[in-house]
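Q: Here it is, the structure in full.
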Amino acid sequence: MNTSISLPRVAASILLLTGAGAALAHVTLPPGGATAGSDYEAAFRVGHACKDAKSTTGISVRLPKGFAFTDAQARKAWKLEVQKPAGDNNGEVRWTAETAQAALPASERAQFVLRGKLPATPGTLWFKVLQTCDNGSADWAQVPASGTSTEGLASPAVRLEVLPSGAAAVDVRDAWIRASVPGQSGTGAFMKLNAPAGARLVGATTPAAGVAEVHEMKMEGDTMRMRGVAALDLPARQTIELKPGGYHLMLMDLRQPLAKGSTVPLTLHFEDTKGQKSALELKVPVLAGAAAPAAGAHKH
Ligand SMILES: [Cu+2]
C-alpha cells in the first residue's frame, strides 16, 4: 500500500479520452502519455495507406518544439533522413522507401520509431506527420484550435500528453468492478493496462475497501487459488489484462455492498522502470457478474 505518499492527481477521464481519440486517428502514438523530462521512444503506428492508395512510401515527422531529438530507428530498404532544427523549425525525421517492394502495403501495420527527451513542462505535444503513398499523400497535421480533443478533425496531428512526474503514464481501458451483495467481504476489479514506457502496478487504494491488492490466480494441485503479488509487470507497449480467472485487483474489507450501476473511485499506484512512483485516479463502474472470483479458494 502506498498510503503515505502524496502525488499530483490527474483526472482519469482525461487520460481515457486520450486513448479514445488516438484510436480514431490513423497515425498514432501509444495512448497513456509520457512523463515530462523523460527520455521517450516515440513509436508512430501507421495502420493503412492514404485514401485510394496501395502502399505507404514515406513517413515524415515534424518534431514539436520542446522535444529534443536524439535518434531514430532505421528501416531496412528505407532511407532515413534527419533535418536539424533551424529557426521556427524544430527538426524533421523522414523515412522513404527505396523501392516499390520496400513500401508498406495498405493492409499491413508498422511502427516508425524515433527517440528524444521530452520537455520538463507538462502539456500536449503535437507531432505533424506527412504520410506519402504510391498514390497521393495524407498530412496528419490538424491541431484543435482549443483543447486537446481531435474529435471531428479529418486528419489530426499525432498527440502526446506530457504528464507531470507523479502522474502515471499508463492507459487504462474497460475498467470495471464486480458488484457485491450484502455480507460479501471482497470483490474484484478488472481492466486493461498499457504503459507506453513500461511500468509496474504495485498497488491500489479505494475508499470503498479497507484493503486493495494485486492478485494472481494459480493452480495449486487441482485447486485454483489466488494470492497477492507484490507487483504486476507492464512491459512497454503491451496490453496487460486484469480479468476474472487471471490477474485482478482484489478489494477486501468492503465498507458497504457495491451496487450494480454505482461508481467507485480507485487509485492505481505504479513504479516506472527507474522506481519512480506515480498514481492514476479512476472512477470505475460497478457491473453485475457471476460470484466473486473463486471466493471459496481465497486465502488471506
Ligand atoms: Cu483475489
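Each chain of the C-alpha cells is named A, B, ... in the order shown, its residues numbered from 1; ligands are numbered from 1 in display order.
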Skipping near chain neighbours, those fewer than 3 positions away, what residues fall within 6 Å of region 229-238 of chain A using only C-alpha atoms, listed as a PyMOL selection string?
A: chain A and resi 194-202+214-215
Q: What's the 9 Å shell around Leu153 (chain A), counting only C-alpha atoms, without same-chain residues fewer than 3 positions away, as a ChimeraX atom specification?
A: /A:142-144,149-150,156
Q: May I ask for the distance between CA of Thr206 (chain A) and CA of Asp272 (chain A), given in Å to one decimal place?
A: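 A separation of 21.3 Å between them.
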Q: From a backbone DSSP assignment, name each residue in region 79-251 of chain A labelled strand (DSSP E), as a ChimeraX atom specification.
A: /A:79-83,92-97,104-105,110-117,123-133,137-140,158-163,171-178,187-194,199-205,209-220,223-228,232-234,239-242,248-251
Q: Would you export the selected residues with C-alpha atoms as a tab-separated table (two decimals), in the first residue's frame, please?
A:
chain	number	residue	atom	x	y	z
A	79	LYS	CA	16.25	5.87	-46.44
A	80	LEU	CA	16.40	7.71	-43.10
A	81	GLU	CA	17.00	11.45	-43.13
A	82	VAL	CA	17.13	13.79	-40.16
A	83	GLN	CA	16.79	17.51	-40.59
A	92	GLU	CA	12.16	16.65	-39.04
A	93	VAL	CA	12.69	12.90	-39.37
A	94	ARG	CA	11.93	11.28	-42.70
A	95	TRP	CA	11.77	7.63	-43.77
A	96	THR	CA	11.45	6.96	-47.52
A	97	ALA	CA	11.05	3.54	-49.15
A	104	LEU	CA	4.41	-0.61	-46.66
A	105	PRO	CA	1.31	-2.33	-48.09
A	110	ALA	CA	4.23	-0.85	-39.00
A	111	GLN	CA	5.94	1.30	-36.41
A	112	PHE	CA	8.32	4.13	-37.19
A	113	VAL	CA	10.41	4.78	-34.10
A	114	LEU	CA	12.33	7.86	-33.00
A	115	ARG	CA	13.66	8.90	-29.62
A	116	GLY	CA	14.19	12.11	-27.76
A	117	LYS	CA	13.87	13.94	-24.48
A	123	GLY	CA	1.40	19.77	-21.65
A	124	THR	CA	0.34	18.47	-25.03
A	125	LEU	CA	2.83	17.86	-27.84
A	126	TRP	CA	1.59	17.57	-31.41
A	127	PHE	CA	3.70	15.68	-33.95
A	128	LYS	CA	2.70	16.57	-37.51
A	129	VAL	CA	3.20	13.60	-39.79
A	130	LEU	CA	3.20	13.61	-43.59
A	131	GLN	CA	2.34	10.18	-44.97
A	132	THR	CA	3.32	9.77	-48.62
A	133	CYS	CA	1.81	6.96	-50.67
A	137	SER	CA	-0.40	11.75	-49.57
A	138	ALA	CA	-2.03	12.48	-46.21
A	139	ASP	CA	-0.84	15.23	-43.93
A	140	TRP	CA	-1.74	14.37	-40.34
A	158	VAL	CA	-0.43	12.90	-33.54
A	159	ARG	CA	-0.96	13.83	-29.94
A	160	LEU	CA	1.28	13.08	-26.98
A	161	GLU	CA	0.23	14.02	-23.49
A	162	VAL	CA	3.28	15.03	-21.43
A	163	LEU	CA	2.41	14.32	-17.81
A	171	ASP	CA	-3.54	3.87	-20.42
A	172	VAL	CA	-6.46	2.19	-18.68
A	173	ARG	CA	-9.36	0.73	-20.68
A	174	ASP	CA	-12.57	-1.12	-19.88
A	175	ALA	CA	-12.20	-0.91	-16.11
A	176	TRP	CA	-14.99	-2.45	-14.04
A	177	ILE	CA	-15.65	-3.75	-10.55
A	178	ARG	CA	-17.83	-6.73	-9.88
A	187	THR	CA	-14.75	-8.44	-4.85
A	188	GLY	CA	-12.55	-7.97	-7.91
A	189	ALA	CA	-11.62	-5.04	-10.14
A	190	PHE	CA	-10.66	-5.67	-13.76
A	191	MET	CA	-9.20	-3.59	-16.60
A	192	LYS	CA	-6.73	-3.41	-19.46
A	193	LEU	CA	-3.46	-1.60	-18.75
A	194	ASN	CA	-0.88	-0.34	-21.22
A	199	ALA	CA	5.84	0.25	-15.51
A	200	ARG	CA	4.85	-1.96	-12.60
A	201	LEU	CA	1.46	-1.92	-10.93
A	202	VAL	CA	2.39	-2.02	-7.25
A	203	GLY	CA	-0.93	-1.47	-5.55
A	204	ALA	CA	-4.27	0.25	-5.37
A	205	THR	CA	-6.32	2.21	-2.88
A	209	ALA	CA	-12.44	-1.13	0.69
A	210	GLY	CA	-10.08	-1.46	3.61
A	211	VAL	CA	-7.53	-3.31	1.50
A	212	ALA	CA	-6.87	-3.49	-2.24
A	213	GLU	CA	-4.25	-5.90	-3.55
A	214	VAL	CA	-2.91	-7.16	-6.85
A	215	HIS	CA	-3.77	-10.86	-7.06
A	216	GLU	CA	-2.93	-13.68	-9.37
A	217	MET	CA	-4.81	-16.94	-9.91
A	218	LYS	CA	-2.70	-20.08	-9.88
A	219	MET	CA	-3.37	-23.80	-9.93
A	220	GLU	CA	-2.14	-25.45	-6.74
A	223	THR	CA	-7.34	-26.24	-6.96
A	224	MET	CA	-7.35	-22.76	-8.44
A	225	ARG	CA	-6.14	-20.36	-5.77
A	226	MET	CA	-5.41	-16.69	-5.73
A	227	ARG	CA	-2.70	-14.91	-3.86
A	228	GLY	CA	-1.33	-11.41	-3.52
A	232	LEU	CA	2.49	-6.76	-11.79
A	233	ASP	CA	4.91	-6.02	-14.63
A	234	LEU	CA	3.60	-3.93	-17.51
A	239	THR	CA	-1.64	-4.51	-23.07
A	240	ILE	CA	-1.95	-6.47	-19.84
A	241	GLU	CA	-5.44	-7.54	-18.95
A	242	LEU	CA	-6.75	-7.94	-15.44
A	248	HIS	CA	-7.08	-8.90	-10.80
A	249	LEU	CA	-7.28	-6.25	-8.15
A	250	MET	CA	-8.85	-7.69	-5.02
A	251	LEU	CA	-10.91	-5.28	-2.96
Q: Neighbouring residues of Leu29 (chain A) were defined as those with any atom within 7 Å, considering only C-alpha atoms; residues of the same chain fewer than 6 positions away were excluded. Please report them as a list in words.
A: Ala42, Ala43, Phe44, Arg45 and Val158 of chain A
Q: What is the CA of Trp78 (chain A)-CA of Tyr40 (chain A) distance in Å, reported with one decimal?
A: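 Calculated distance between CA of Trp78 (chain A) and CA of Tyr40 (chain A) is 22.7 Å.
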Q: Pick from A:Asn89, A:Thr263, A:Thr70, A:Ser185: nearest to ligand 1, with only C-alpha atoms and all ligand atoms counted?
A: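 When distances to ligand 1 are compared using only C-alpha atoms and all ligand atoms, the smallest one comes from A:Ser185.
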